[in-house]
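Asks: Just one file: run30.cif, with mmCIF, C-alpha atoms.
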```cif
data_work
#
loop_
_atom_site.label_atom_id
_atom_site.label_comp_id
_atom_site.auth_asym_id
_atom_site.auth_seq_id
_atom_site.Cartn_x
_atom_site.Cartn_y
_atom_site.Cartn_z
CA MET A 5 -67.71 -115.31 -120.34
CA ARG A 6 -69.20 -117.43 -117.58
CA GLY A 7 -65.72 -118.20 -116.24
CA TYR A 8 -64.79 -114.52 -116.04
CA PHE A 9 -68.02 -113.80 -114.16
CA VAL A 10 -67.32 -116.50 -111.55
CA LEU A 11 -63.71 -115.38 -111.12
CA ALA A 12 -64.86 -111.78 -110.76
CA ILE A 13 -67.13 -112.81 -107.88
CA ILE A 14 -64.39 -114.87 -106.20
CA LEU A 15 -61.63 -112.28 -106.55
CA GLY A 16 -63.98 -109.42 -105.68
CA SER A 17 -64.89 -111.13 -102.40
CA LEU A 18 -61.31 -111.43 -101.14
CA PRO A 19 -61.08 -108.01 -99.42
CA PHE A 20 -64.36 -108.74 -97.62
CA CYS A 21 -63.05 -112.16 -96.54
CA PHE A 22 -60.05 -110.43 -94.98
CA LEU A 23 -62.01 -107.65 -93.30
CA GLU A 24 -64.73 -110.03 -92.05
CA PRO A 25 -63.67 -113.71 -91.80
CA TYR A 26 -67.32 -114.69 -91.28
CA PHE A 27 -67.95 -113.59 -94.87
CA GLY A 28 -65.05 -115.85 -95.85
CA VAL A 29 -66.85 -118.78 -94.20
CA LEU A 30 -69.96 -118.01 -96.25
CA MET A 31 -67.95 -117.86 -99.47
CA TRP A 32 -66.12 -121.08 -98.58
CA SER A 33 -69.45 -122.83 -98.06
CA TRP A 34 -70.81 -121.56 -101.37
CA VAL A 35 -67.84 -122.65 -103.48
CA GLY A 36 -67.52 -125.92 -101.55
CA TYR A 37 -71.14 -127.00 -101.95
CA PHE A 38 -72.33 -125.36 -105.16
CA SER A 39 -68.93 -125.54 -106.98
CA PRO A 40 -69.73 -122.64 -109.36
CA HIS A 41 -66.32 -122.89 -111.06
CA ARG A 42 -67.17 -126.44 -112.21
CA TYR A 43 -69.78 -124.98 -114.54
CA THR A 44 -67.16 -123.00 -116.43
CA TYR A 45 -64.37 -123.86 -118.87
CA GLY A 46 -60.65 -123.33 -119.22
CA TYR A 47 -58.66 -121.58 -116.51
CA ALA A 48 -61.67 -120.81 -114.31
CA TYR A 49 -62.57 -124.51 -114.11
CA HIS A 50 -59.26 -125.41 -112.42
CA PHE A 51 -58.89 -122.18 -110.45
CA PRO A 52 -58.15 -122.95 -106.74
CA VAL A 53 -61.17 -121.05 -105.46
CA ALA A 54 -61.21 -122.66 -102.01
CA LEU A 55 -57.56 -121.86 -101.34
CA VAL A 56 -57.90 -118.31 -102.61
CA ILE A 57 -60.81 -117.71 -100.24
CA ALA A 58 -59.24 -119.51 -97.26
CA VAL A 59 -56.00 -117.47 -97.22
CA PRO A 60 -57.49 -113.97 -96.62
CA THR A 61 -60.10 -115.47 -94.29
CA LEU A 62 -57.43 -117.00 -92.07
CA ALA A 63 -55.32 -113.84 -92.24
CA GLY A 64 -58.30 -111.76 -91.19
CA LEU A 65 -58.73 -113.79 -88.01
CA VAL A 66 -55.63 -112.11 -86.57
CA PHE A 67 -57.41 -108.75 -86.58
CA THR A 68 -60.85 -110.00 -85.53
CA LYS A 69 -61.86 -109.21 -81.97
CA LYS A 70 -65.32 -110.75 -81.59
CA LEU A 71 -64.38 -114.42 -81.56
CA ASN A 72 -66.04 -117.17 -79.57
CA LYS A 73 -64.31 -118.16 -76.35
CA GLY A 74 -64.32 -121.47 -74.56
CA ILE A 75 -64.38 -123.36 -77.86
CA PHE A 76 -62.97 -126.63 -76.52
CA THR A 77 -66.15 -128.52 -75.85
CA ARG A 78 -66.19 -132.33 -75.81
CA GLU A 79 -67.07 -132.41 -79.50
CA ALA A 80 -64.31 -129.96 -80.40
CA ILE A 81 -61.71 -131.93 -78.43
CA VAL A 82 -62.66 -135.22 -80.11
CA LEU A 83 -62.64 -133.47 -83.49
CA ALA A 84 -59.10 -132.26 -82.82
CA MET A 85 -58.05 -135.73 -81.65
CA LEU A 86 -59.45 -137.28 -84.83
CA TRP A 87 -57.52 -134.79 -86.96
CA ILE A 88 -54.31 -135.56 -85.08
CA TRP A 89 -54.95 -139.31 -85.37
CA MET A 90 -55.30 -139.01 -89.15
CA ALA A 91 -51.87 -137.40 -89.23
CA ILE A 92 -50.44 -140.18 -87.04
CA THR A 93 -51.87 -142.97 -89.22
CA LEU A 94 -50.55 -141.22 -92.33
CA GLY A 95 -47.13 -140.94 -90.71
CA TYR A 96 -47.13 -144.63 -89.84
CA ALA A 97 -48.19 -145.53 -93.38
CA SER A 98 -45.27 -143.49 -94.72
CA ALA A 99 -42.88 -145.64 -92.71
CA GLU A 100 -44.49 -148.99 -93.62
CA PRO A 101 -43.16 -150.46 -96.90
CA LYS A 102 -46.40 -152.36 -97.52
CA PHE A 103 -48.28 -149.02 -97.74
CA ALA A 104 -45.85 -147.27 -100.08
CA GLY A 105 -48.29 -147.52 -102.99
CA HIS A 106 -50.76 -145.00 -101.55
CA VAL A 107 -48.68 -142.66 -99.39
CA GLN A 108 -48.54 -139.83 -101.94
CA GLU A 109 -52.29 -140.02 -102.52
CA GLY A 110 -52.76 -140.13 -98.75
CA ILE A 111 -50.74 -136.95 -98.29
CA ALA A 112 -52.85 -135.17 -100.91
CA GLN A 113 -56.03 -136.42 -99.21
CA PHE A 114 -54.80 -135.25 -95.82
CA GLU A 115 -54.22 -131.78 -97.25
CA ARG A 116 -57.82 -131.68 -98.52
CA ILE A 117 -59.19 -132.91 -95.19
CA SER A 118 -57.05 -130.41 -93.27
CA LYS A 119 -58.50 -127.52 -95.29
CA ILE A 120 -62.01 -128.70 -94.44
CA LEU A 121 -61.26 -129.13 -90.74
CA LEU A 122 -59.38 -125.83 -90.56
CA MET A 123 -62.38 -123.94 -91.95
CA ALA A 124 -64.63 -125.85 -89.55
CA TRP A 125 -62.56 -124.41 -86.71
CA VAL A 126 -62.83 -120.95 -88.27
CA SER A 127 -66.62 -121.41 -88.23
CA ILE A 128 -66.46 -122.27 -84.54
CA LEU A 129 -64.61 -119.03 -83.89
CA VAL A 130 -66.62 -116.55 -85.97
CA VAL A 131 -70.23 -117.84 -85.94
CA ASN A 132 -71.27 -116.21 -82.68
CA SER A 133 -74.95 -115.30 -83.03
CA LYS A 134 -78.33 -116.48 -84.26
CA LYS A 135 -78.09 -114.19 -87.28
CA ARG A 136 -74.74 -115.57 -88.35
CA MET A 137 -75.92 -119.15 -87.89
CA LYS A 138 -79.01 -118.44 -89.98
CA TYR A 139 -77.09 -116.94 -92.92
CA LEU A 140 -74.55 -119.74 -92.88
CA TYR A 141 -77.31 -122.29 -93.31
CA LEU A 142 -79.18 -120.19 -95.83
CA VAL A 143 -76.06 -120.25 -98.02
CA THR A 144 -75.76 -124.01 -97.46
CA ALA A 145 -79.43 -124.69 -98.14
CA ILE A 146 -79.62 -122.55 -101.27
CA SER A 147 -76.39 -124.04 -102.65
CA PHE A 148 -77.76 -127.58 -102.48
CA GLY A 149 -81.27 -126.41 -103.31
CA MET A 150 -80.14 -124.89 -106.60
CA LEU A 151 -78.43 -128.17 -107.48
CA ALA A 152 -81.72 -129.93 -106.70
CA ILE A 153 -83.65 -127.60 -109.00
CA LYS A 154 -81.14 -128.26 -111.76
CA ALA A 155 -81.44 -132.01 -111.13
CA VAL A 156 -85.24 -131.92 -111.35
CA ALA A 157 -85.05 -130.02 -114.63
CA PHE A 158 -82.71 -132.73 -115.94
CA GLY A 159 -85.08 -135.42 -114.67
CA LEU A 160 -88.03 -133.84 -116.46
CA LYS A 161 -86.00 -133.57 -119.65
CA THR A 162 -85.05 -137.27 -119.56
CA SER A 163 -88.36 -138.44 -118.05
CA GLY A 164 -86.39 -139.82 -115.12
CA GLY A 165 -84.61 -142.32 -117.34
CA SER A 166 -81.09 -141.15 -116.42
CA ARG A 167 -79.34 -140.76 -113.09
CA VAL A 168 -78.64 -137.39 -111.56
CA TRP A 169 -74.99 -136.59 -110.81
CA GLY A 170 -73.35 -133.79 -108.86
CA PRO A 171 -71.03 -131.06 -110.15
CA PRO A 172 -68.03 -132.57 -111.99
CA ASP A 173 -64.77 -133.00 -110.05
CA SER A 174 -66.40 -132.16 -106.73
CA PHE A 175 -67.04 -134.02 -103.48
CA ILE A 176 -70.54 -134.91 -104.69
CA THR A 177 -69.89 -135.84 -108.32
CA ASP A 178 -70.99 -139.43 -107.76
CA ASN A 179 -74.74 -140.04 -107.71
CA ASN A 180 -74.51 -141.68 -104.27
CA ASP A 181 -72.60 -138.71 -102.86
CA MET A 182 -75.14 -136.35 -104.40
CA ALA A 183 -77.92 -138.28 -102.63
CA LEU A 184 -76.04 -138.02 -99.33
CA ALA A 185 -75.63 -134.25 -99.68
CA LEU A 186 -79.27 -133.70 -100.63
CA ASN A 187 -80.53 -135.83 -97.74
CA MET A 188 -78.39 -133.86 -95.31
CA SER A 189 -79.70 -130.58 -96.71
CA LEU A 190 -83.38 -131.59 -96.48
CA PRO A 191 -83.68 -130.84 -92.72
CA ILE A 192 -81.92 -127.52 -93.26
CA LEU A 193 -84.42 -126.49 -95.92
CA PHE A 194 -87.34 -127.78 -93.85
CA PHE A 195 -86.57 -125.96 -90.60
CA LEU A 196 -85.36 -122.75 -92.25
CA ALA A 197 -88.59 -122.59 -94.28
CA ARG A 198 -90.73 -123.33 -91.23
CA ASP A 199 -89.37 -120.35 -89.28
CA GLU A 200 -88.72 -117.92 -92.15
CA GLU A 201 -90.71 -114.66 -91.90
CA ASN A 202 -90.19 -113.52 -95.49
CA PRO A 203 -93.03 -115.22 -97.45
CA ARG A 204 -91.15 -115.28 -100.77
CA LEU A 205 -88.02 -116.79 -99.27
CA ARG A 206 -90.15 -119.28 -97.32
CA LEU A 207 -91.87 -120.37 -100.55
CA PHE A 208 -88.53 -120.67 -102.33
CA LEU A 209 -87.07 -122.81 -99.54
CA ARG A 210 -90.10 -125.10 -99.64
CA PHE A 211 -89.82 -125.41 -103.41
CA MET A 212 -86.16 -126.43 -103.06
CA PHE A 213 -87.17 -128.91 -100.35
CA VAL A 214 -89.58 -130.66 -102.70
CA CYS A 215 -87.03 -130.59 -105.52
CA SER A 216 -84.42 -132.11 -103.19
CA ILE A 217 -86.69 -135.06 -102.40
CA ALA A 218 -87.26 -135.66 -106.10
CA SER A 219 -83.52 -135.29 -106.80
CA VAL A 220 -82.59 -137.95 -104.23
CA ILE A 221 -84.93 -140.35 -106.01
CA LEU A 222 -83.47 -139.37 -109.40
CA THR A 223 -79.95 -140.24 -108.26
CA TYR A 224 -80.98 -143.93 -108.32
CA SER A 225 -79.03 -144.35 -105.07
CA ARG A 226 -80.38 -147.15 -102.90
CA GLY A 227 -78.47 -145.88 -99.89
CA GLY A 228 -79.86 -142.45 -100.67
CA LEU A 229 -83.39 -143.85 -100.70
CA LEU A 230 -82.91 -145.40 -97.25
CA GLY A 231 -81.50 -142.12 -95.97
CA LEU A 232 -84.43 -140.24 -97.48
CA ALA A 233 -86.89 -142.51 -95.70
CA ALA A 234 -85.13 -141.90 -92.36
CA VAL A 235 -85.06 -138.11 -92.83
CA ILE A 236 -88.67 -137.82 -93.99
CA LEU A 237 -89.84 -139.96 -91.07
CA TYR A 238 -87.93 -137.73 -88.63
CA LEU A 239 -89.37 -134.56 -90.18
CA ALA A 240 -92.87 -136.01 -90.09
CA VAL A 241 -92.54 -136.78 -86.37
CA TYR A 242 -91.31 -133.27 -85.55
CA SER A 243 -93.64 -131.45 -87.91
CA ARG A 244 -96.12 -129.05 -86.37
CA ARG A 245 -98.88 -130.66 -88.45
CA LYS A 246 -98.21 -134.34 -87.94
CA VAL A 247 -101.42 -135.62 -89.54
CA LEU A 248 -100.89 -133.58 -92.69
CA ALA A 249 -97.22 -134.63 -92.78
CA GLY A 250 -98.22 -138.29 -92.50
CA VAL A 251 -100.74 -137.99 -95.32
CA MET A 252 -98.18 -136.26 -97.53
CA LEU A 253 -95.59 -138.92 -96.70
CA VAL A 254 -97.88 -141.79 -97.70
CA SER A 255 -99.04 -139.93 -100.81
CA SER A 256 -95.45 -139.27 -101.86
CA VAL A 257 -94.56 -142.95 -101.55
CA LEU A 258 -97.56 -143.97 -103.64
CA LEU A 259 -96.77 -141.39 -106.31
CA VAL A 260 -93.13 -142.50 -106.51
CA PHE A 261 -93.96 -146.17 -107.01
CA THR A 262 -96.79 -145.35 -109.40
CA PHE A 263 -94.95 -143.04 -111.79
CA ALA A 264 -91.29 -144.06 -111.31
CA PRO A 265 -89.47 -145.04 -114.52
CA THR A 266 -88.80 -148.72 -115.21
CA LYS A 267 -85.02 -148.43 -114.75
CA TRP A 268 -85.49 -146.90 -111.31
CA MET A 269 -87.94 -149.59 -110.25
CA GLU A 270 -85.61 -152.35 -111.42
CA ARG A 271 -82.73 -150.92 -109.38
CA MET A 272 -84.82 -150.45 -106.22
CA GLU A 273 -86.33 -153.91 -106.57
CA THR A 274 -83.06 -155.38 -105.29
CA ILE A 275 -83.76 -153.86 -101.86
CA ARG A 276 -87.12 -155.61 -101.55
CA GLN A 277 -85.85 -158.93 -102.88
CA GLY A 278 -82.64 -158.83 -100.89
CA THR A 279 -80.65 -159.85 -103.96
CA LEU A 280 -77.09 -158.71 -104.49
CA ASP A 281 -76.15 -157.10 -107.78
CA GLU A 282 -72.57 -156.33 -108.79
CA THR A 283 -72.44 -153.07 -106.82
CA ALA A 284 -73.77 -154.70 -103.65
CA LYS A 285 -71.25 -157.54 -103.94
CA GLU A 286 -68.51 -154.97 -104.38
CA ARG A 287 -69.52 -153.40 -101.07
CA ILE A 288 -69.27 -156.74 -99.27
CA VAL A 289 -65.78 -157.32 -100.65
CA THR A 290 -64.53 -153.83 -99.72
CA TRP A 291 -65.93 -154.13 -96.21
CA GLY A 292 -64.14 -157.47 -95.90
CA PHE A 293 -60.93 -155.79 -97.05
CA ALA A 294 -61.26 -153.15 -94.32
CA TRP A 295 -61.88 -155.78 -91.66
CA ASN A 296 -58.95 -157.96 -92.75
CA LEU A 297 -56.61 -154.97 -92.93
CA ALA A 298 -57.65 -153.88 -89.45
CA GLN A 299 -56.88 -157.35 -88.11
CA ASP A 300 -53.22 -156.91 -89.06
CA TYR A 301 -53.09 -153.18 -88.23
CA PRO A 302 -55.70 -152.72 -85.48
CA ILE A 303 -54.22 -149.51 -84.08
CA THR A 304 -53.40 -147.44 -87.16
CA GLY A 305 -55.09 -149.13 -90.09
CA GLY A 306 -53.62 -148.61 -93.54
CA GLY A 307 -53.66 -144.82 -93.61
CA LEU A 308 -55.52 -142.49 -95.95
CA GLN A 309 -56.26 -143.78 -99.46
CA ALA A 310 -55.62 -147.41 -98.53
CA PHE A 311 -58.63 -148.68 -100.49
CA PRO A 312 -57.50 -147.63 -104.01
CA ASP A 313 -54.06 -149.23 -103.45
CA VAL A 314 -54.36 -152.23 -105.83
CA PRO A 315 -51.59 -154.49 -104.42
CA LEU A 316 -52.75 -153.83 -100.86
CA PHE A 317 -56.40 -154.38 -101.73
CA GLN A 318 -55.68 -157.67 -103.48
CA ALA A 319 -53.60 -158.83 -100.52
CA TYR A 320 -56.47 -158.33 -98.04
CA GLN A 321 -59.63 -158.77 -100.10
CA PRO A 322 -61.71 -161.77 -98.96
CA GLU A 323 -62.48 -162.62 -102.60
CA PRO A 324 -61.95 -161.01 -106.03
CA LEU A 325 -64.15 -158.07 -106.89
CA PRO A 326 -66.95 -158.67 -109.40
CA GLY A 327 -66.60 -157.18 -112.85
CA GLY A 328 -62.83 -157.64 -112.96
CA TYR A 329 -62.09 -154.55 -110.84
CA GLN A 330 -58.79 -154.57 -108.96
CA ALA A 331 -59.71 -152.12 -106.17
CA ALA A 332 -62.72 -150.11 -105.03
CA SER A 333 -63.79 -147.32 -102.71
CA ALA A 334 -64.91 -148.10 -99.17
CA HIS A 335 -68.68 -147.70 -99.70
CA SER A 336 -69.13 -146.97 -95.98
CA ILE A 337 -67.98 -144.19 -93.67
CA TYR A 338 -67.56 -146.72 -90.86
CA PHE A 339 -65.53 -149.31 -92.75
CA GLN A 340 -63.46 -146.57 -94.36
CA MET A 341 -62.49 -145.19 -90.95
CA LEU A 342 -61.71 -148.72 -89.79
CA GLY A 343 -59.57 -149.58 -92.80
CA GLU A 344 -57.73 -146.27 -92.97
CA HIS A 345 -57.34 -145.44 -89.26
CA GLY A 346 -57.82 -148.69 -87.37
CA PHE A 347 -60.07 -149.33 -84.40
CA VAL A 348 -58.75 -146.21 -82.67
CA GLY A 349 -59.76 -143.99 -85.59
CA LEU A 350 -63.15 -145.68 -85.87
CA GLY A 351 -63.64 -145.27 -82.12
CA LEU A 352 -62.89 -141.54 -82.28
CA PHE A 353 -65.24 -141.15 -85.23
CA LEU A 354 -68.08 -142.96 -83.44
CA LEU A 355 -67.36 -140.98 -80.27
CA LEU A 356 -67.66 -137.75 -82.26
CA LEU A 357 -70.99 -138.87 -83.69
CA GLY A 358 -72.23 -139.94 -80.26
CA PHE A 359 -71.23 -136.71 -78.54
CA ALA A 360 -72.76 -134.63 -81.35
CA TRP A 361 -76.02 -136.57 -81.16
CA ARG A 362 -76.20 -136.19 -77.38
CA ALA A 363 -75.32 -132.50 -77.59
CA THR A 364 -78.27 -131.67 -79.86
CA ARG A 365 -80.65 -133.10 -77.27
CA ALA A 366 -78.94 -131.37 -74.36
CA ILE A 367 -79.03 -128.04 -76.20
CA ARG A 368 -82.72 -128.50 -77.00
CA LYS A 369 -83.55 -129.29 -73.37
CA ARG A 370 -81.72 -126.23 -72.00
CA ALA A 371 -82.76 -123.80 -74.73
CA SER A 372 -86.45 -124.62 -74.31
CA LEU A 373 -86.28 -123.20 -70.76
CA VAL A 374 -84.57 -119.90 -71.66
CA PRO A 375 -86.53 -117.46 -73.88
CA SER A 376 -83.44 -115.69 -75.24
CA ILE A 377 -82.04 -118.89 -76.77
CA ARG A 378 -85.27 -120.71 -77.61
CA TRP A 379 -84.38 -120.21 -81.27
CA MET A 380 -81.86 -123.02 -80.80
CA VAL A 381 -84.61 -125.64 -80.47
CA PRO A 382 -85.38 -125.88 -84.23
CA TYR A 383 -81.68 -125.65 -85.02
CA SER A 384 -80.99 -128.60 -82.74
CA HIS A 385 -83.68 -130.59 -84.57
CA MET A 386 -82.19 -129.53 -87.90
CA LEU A 387 -78.67 -130.60 -86.98
CA GLU A 388 -79.91 -133.86 -85.44
CA ALA A 389 -81.86 -134.79 -88.59
CA SER A 390 -78.86 -133.97 -90.80
CA LEU A 391 -76.72 -136.22 -88.63
CA ILE A 392 -79.27 -139.00 -89.09
CA ALA A 393 -79.01 -138.57 -92.86
CA PHE A 394 -75.23 -138.74 -92.66
CA MET A 395 -75.19 -141.83 -90.44
CA VAL A 396 -77.81 -143.77 -92.43
CA CYS A 397 -76.58 -142.89 -95.93
CA GLY A 398 -72.98 -143.12 -94.76
CA ALA A 399 -73.44 -146.78 -93.90
CA PHE A 400 -73.39 -147.42 -97.66
CA LEU A 401 -71.31 -144.46 -98.92
CA GLY A 402 -67.64 -143.73 -98.38
CA ARG A 403 -67.72 -140.04 -97.45
CA PRO A 404 -66.39 -139.73 -93.87
CA TYR A 405 -64.60 -136.50 -94.81
CA PHE A 406 -67.59 -134.70 -96.31
CA ASP A 407 -67.51 -130.93 -95.73
CA LEU A 408 -71.10 -130.62 -94.52
CA PHE A 409 -70.64 -133.19 -91.75
CA TYR A 410 -67.86 -131.14 -90.19
CA GLN A 411 -69.92 -127.99 -90.58
CA LEU A 412 -72.64 -129.74 -88.56
CA ILE A 413 -70.12 -130.60 -85.83
CA ALA A 414 -68.83 -127.02 -85.80
CA SER A 415 -72.39 -125.69 -85.56
CA ILE A 416 -73.18 -127.95 -82.62
CA VAL A 417 -70.07 -126.62 -80.86
CA VAL A 418 -71.19 -123.06 -81.61
CA LEU A 419 -74.67 -123.68 -80.20
CA LYS A 420 -73.14 -125.08 -77.02
CA ILE A 421 -70.90 -122.01 -76.69
CA ILE A 422 -73.77 -119.54 -77.20
CA CYS A 423 -76.06 -121.54 -74.92
CA ARG A 424 -73.50 -121.59 -72.15
CA ARG A 425 -72.74 -117.89 -72.62
CA GLU A 426 -76.40 -116.86 -72.45
CA ILE A 427 -77.14 -119.01 -69.40
CA ASN A 428 -74.07 -117.69 -67.57
CA ALA A 429 -75.11 -114.11 -68.40
CA LEU A 430 -78.60 -114.82 -67.05
CA ARG A 431 -77.19 -116.30 -63.85
CA GLN A 432 -74.89 -113.31 -63.44
CA ALA A 433 -77.78 -110.89 -63.91
CA ARG A 434 -79.83 -112.73 -61.28
CA HIS A 435 -76.88 -112.77 -58.89
CA GLU A 436 -76.35 -109.02 -59.27
CA SER A 437 -80.04 -108.30 -58.76
CA ILE A 438 -80.01 -110.30 -55.52
CA ASN A 439 -76.93 -108.41 -54.25
CA VAL A 440 -78.07 -104.96 -55.37
CA THR A 441 -81.65 -105.04 -54.02
CA PRO A 442 -80.76 -105.16 -50.27
CA GLN A 443 -78.26 -102.32 -50.73
CA MET A 444 -80.89 -100.18 -52.45
CA GLU A 445 -83.35 -100.85 -49.64
CA LEU A 446 -80.71 -99.85 -47.04
CA VAL A 447 -80.00 -96.57 -48.83
CA SER A 448 -83.70 -95.73 -49.12
CA THR A 449 -84.23 -96.12 -45.36
#
```
As structure tokens, what does this structure read like?
Replies:
Amino acid sequence: MRGYFVLAIILGSLPFCFLEPYFGVLMWSWVGYFSPHRYTYGYAYHFPVALVIAVPTLAGLVFTKKLNKGIFTREAIVLAMLWIWMAITLGYASAEPKFAGHVQEGIAQFERISKILLMAWVSILVVNSKKRMKYLYLVTAISFGMLAIKAVAFGLKTSGGSRVWGPPDSFITDNNDMALALNMSLPILFFLARDEENPRLRLFLRFMFVCSIASVILTYSRGGLLGLAAVILYLAVYSRRKVLAGVMLVSSVLLVFTFAPTKWMERMETIRQGTLDETAKERIVTWGFAWNLAQDYPITGGGLQAFPDVPLFQAYQPEPLPGGYQAASAHSIYFQMLGEHGFVGLGLFLLLLGFAWRATRAIRKRASLVPSIRWMVPYSHMLEASLIAFMVCGAFLGRPYFDLFYQLIASIVVLKIICRREINALRQARHESINVTPQMELVST
């Protein structure tokens, strides 16, 4: 019954996705982040919901008139270059006999990444106002917030003795990936709640914010805990009530270490002691693999899905993996880009991060001077804090192709487009007023 209900929602939305591609972007975000079909059984569980939504959304773009113009900002250009470079490295891997073991998996991965990037470009085109930006991030925030509420309920049921995982067979199934997603959603919940006028929705967003903090802790992810510390510190600095935020921050830390379950404390103790358990040693080995591979293939790397290729991994690993494993994931967005796309790919990725970071500050500086776009100031803080979460958590998690990161990049591009459009309109209005006034005075005399 649950599966039929989810399919009814998905299939019923298709005409609206065609008539209004922006609605398709909202639906894509919902199924991508919340994964409602993964809570069903049978046919609905494996139903290609993302593809079914993407097709009418893309088709509807042909008939949509109100699209953003001037979309090729610096961030958009680097994003396109990175996409093209992934295709080039995959093509090189297809022609290199040493990489034959992961070419098919790389092609499948490239298809998944291309869907994400394609919808990011659709977002750049159709999100053209404050209202549309707000609803996009409400869908995003509520999707992750509901997962956080579910995680807290699970944590209460198990007294925190078991790890929290994401929806099965999704981008955030792993507990570390779940922590990354929740950390990135925390600033979204925080800033949306701060500026929300509806008191009930504001209370609900704040409740999900608190649940998200607890859920990050319940994932038992050490990288997630470091990311949480960075995000909370940022939010405390930019809070309107800094003293209260500081008191709450200190109180939260004391409560966590006072009432945390023994298993959680034992796992986090490795951070304080600086000791390496099996997982930490695995990270060191995989990072060494990426570096060694990039030494032989500095331009292109090994192509997508190079890390799970057992013969290739064993040929370049600095030492055998602990626990008898033959291959492992990258455990870092930076080393994964290096190993899969070489120094060129890593450079493009870092350039994209750098441009995005700089853009949030430039937008904030300009928007603060123009009343009509002052609403962009909290959004720039929100996007900047989410980027911090991605960069800090990503240092220990292999998710460089995470959907939400590319939504952040697309949103930054959109803010730049709207900012530029509003400022140009203001300049044009001032120019016309200067030219019209003397003519009016001449007529009146």
Asks: Taking the file as shown, what set of residues would the PyMOL selection byres ((chain A and resi 350) around 12) give back, as a ChimeraX atom specification?
Replies: /A:82,85-86,89-90,294-295,298,302-305,336-349,351-357,404
Asks: Could those residues be written to a file, using C-alpha atoms, as a tab-separated table (two decimals), in the frame of the given file?
Replies:
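Final output, selection_32.tsv:
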```
chain	number	residue	atom	x	y	z
A	82	VAL	CA	-62.66	-135.22	-80.11
A	85	MET	CA	-58.05	-135.73	-81.65
A	86	LEU	CA	-59.45	-137.28	-84.83
A	89	TRP	CA	-54.95	-139.31	-85.37
A	90	MET	CA	-55.30	-139.01	-89.15
A	294	ALA	CA	-61.26	-153.15	-94.32
A	295	TRP	CA	-61.88	-155.78	-91.66
A	298	ALA	CA	-57.65	-153.88	-89.45
A	302	PRO	CA	-55.70	-152.72	-85.48
A	303	ILE	CA	-54.22	-149.51	-84.08
A	304	THR	CA	-53.40	-147.44	-87.16
A	305	GLY	CA	-55.09	-149.13	-90.09
A	336	SER	CA	-69.13	-146.97	-95.98
A	337	ILE	CA	-67.98	-144.19	-93.67
A	338	TYR	CA	-67.56	-146.72	-90.86
A	339	PHE	CA	-65.53	-149.31	-92.75
A	340	GLN	CA	-63.46	-146.57	-94.36
A	341	MET	CA	-62.49	-145.19	-90.95
A	342	LEU	CA	-61.71	-148.72	-89.79
A	343	GLY	CA	-59.57	-149.58	-92.80
A	344	GLU	CA	-57.73	-146.27	-92.97
A	345	HIS	CA	-57.34	-145.44	-89.26
A	346	GLY	CA	-57.82	-148.69	-87.37
A	347	PHE	CA	-60.07	-149.33	-84.40
A	348	VAL	CA	-58.75	-146.21	-82.67
A	349	GLY	CA	-59.76	-143.99	-85.59
A	351	GLY	CA	-63.64	-145.27	-82.12
A	352	LEU	CA	-62.89	-141.54	-82.28
A	353	PHE	CA	-65.24	-141.15	-85.23
A	354	LEU	CA	-68.08	-142.96	-83.44
A	355	LEU	CA	-67.36	-140.98	-80.27
A	356	LEU	CA	-67.66	-137.75	-82.26
A	357	LEU	CA	-70.99	-138.87	-83.69
A	404	PRO	CA	-66.39	-139.73	-93.87
```
Asks: Rank nothing, just name the residue among A:Cys215, A:Asp313, A:Pro326, A:Asp181 nearest to Arg403 in chain A, using all atoms listed in the file.
Replies: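 Of A:Cys215, A:Asp313, A:Pro326, A:Asp181, the one nearest Arg403 in chain A, counting all atoms listed in the file, is A:Asp181.
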Asks: For Leu230 in chain A, list every protein, DNA or RNA residue within 8 Å, evaluated using all atoms listed in the file, and leave out those in the same chain fewer than 4 positions away; present the list as an MDAnalysis selection string.
Replies: chainID A and resid 226 234 396:397
Asks: Quick one: of A:Ala157, A:Met5, A:Cys21, A:Ala112, who's nearest to Phe67 in chain A, counting all atoms listed in the file?
Replies: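 With all atoms listed in the file as the atom set, the closest residue is A:Cys21.
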Asks: Which neighbours of Leu232 in chain A fall inside 10 Å, counting all atoms listed in the file, when residues of the same chain fewer than 3 positions from it are skipped, and could you give them as a PyMOL selection string?
Replies: chain A and resi 183-184+186-188+190+216-217+220-221+226-229+235-238+392-393+396-397
Asks: Quick one: write out the picked residues with C-alpha atoms as a tab-separated table (two decimals), in the frame of the given file?
Replies:
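Written out: out-v1.tsv:
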```tsv
chain	number	residue	atom	x	y	z
A	183	ALA	CA	-77.92	-138.28	-102.63
A	184	LEU	CA	-76.04	-138.02	-99.33
A	186	LEU	CA	-79.27	-133.70	-100.63
A	187	ASN	CA	-80.53	-135.83	-97.74
A	188	MET	CA	-78.39	-133.86	-95.31
A	190	LEU	CA	-83.38	-131.59	-96.48
A	216	SER	CA	-84.42	-132.11	-103.19
A	217	ILE	CA	-86.69	-135.06	-102.40
A	220	VAL	CA	-82.59	-137.95	-104.23
A	221	ILE	CA	-84.93	-140.35	-106.01
A	226	ARG	CA	-80.38	-147.15	-102.90
A	227	GLY	CA	-78.47	-145.88	-99.89
A	228	GLY	CA	-79.86	-142.45	-100.67
A	229	LEU	CA	-83.39	-143.85	-100.70
A	235	VAL	CA	-85.06	-138.11	-92.83
A	236	ILE	CA	-88.67	-137.82	-93.99
A	237	LEU	CA	-89.84	-139.96	-91.07
A	238	TYR	CA	-87.93	-137.73	-88.63
A	392	ILE	CA	-79.27	-139.00	-89.09
A	393	ALA	CA	-79.01	-138.57	-92.86
A	396	VAL	CA	-77.81	-143.77	-92.43
A	397	CYS	CA	-76.58	-142.89	-95.93
```
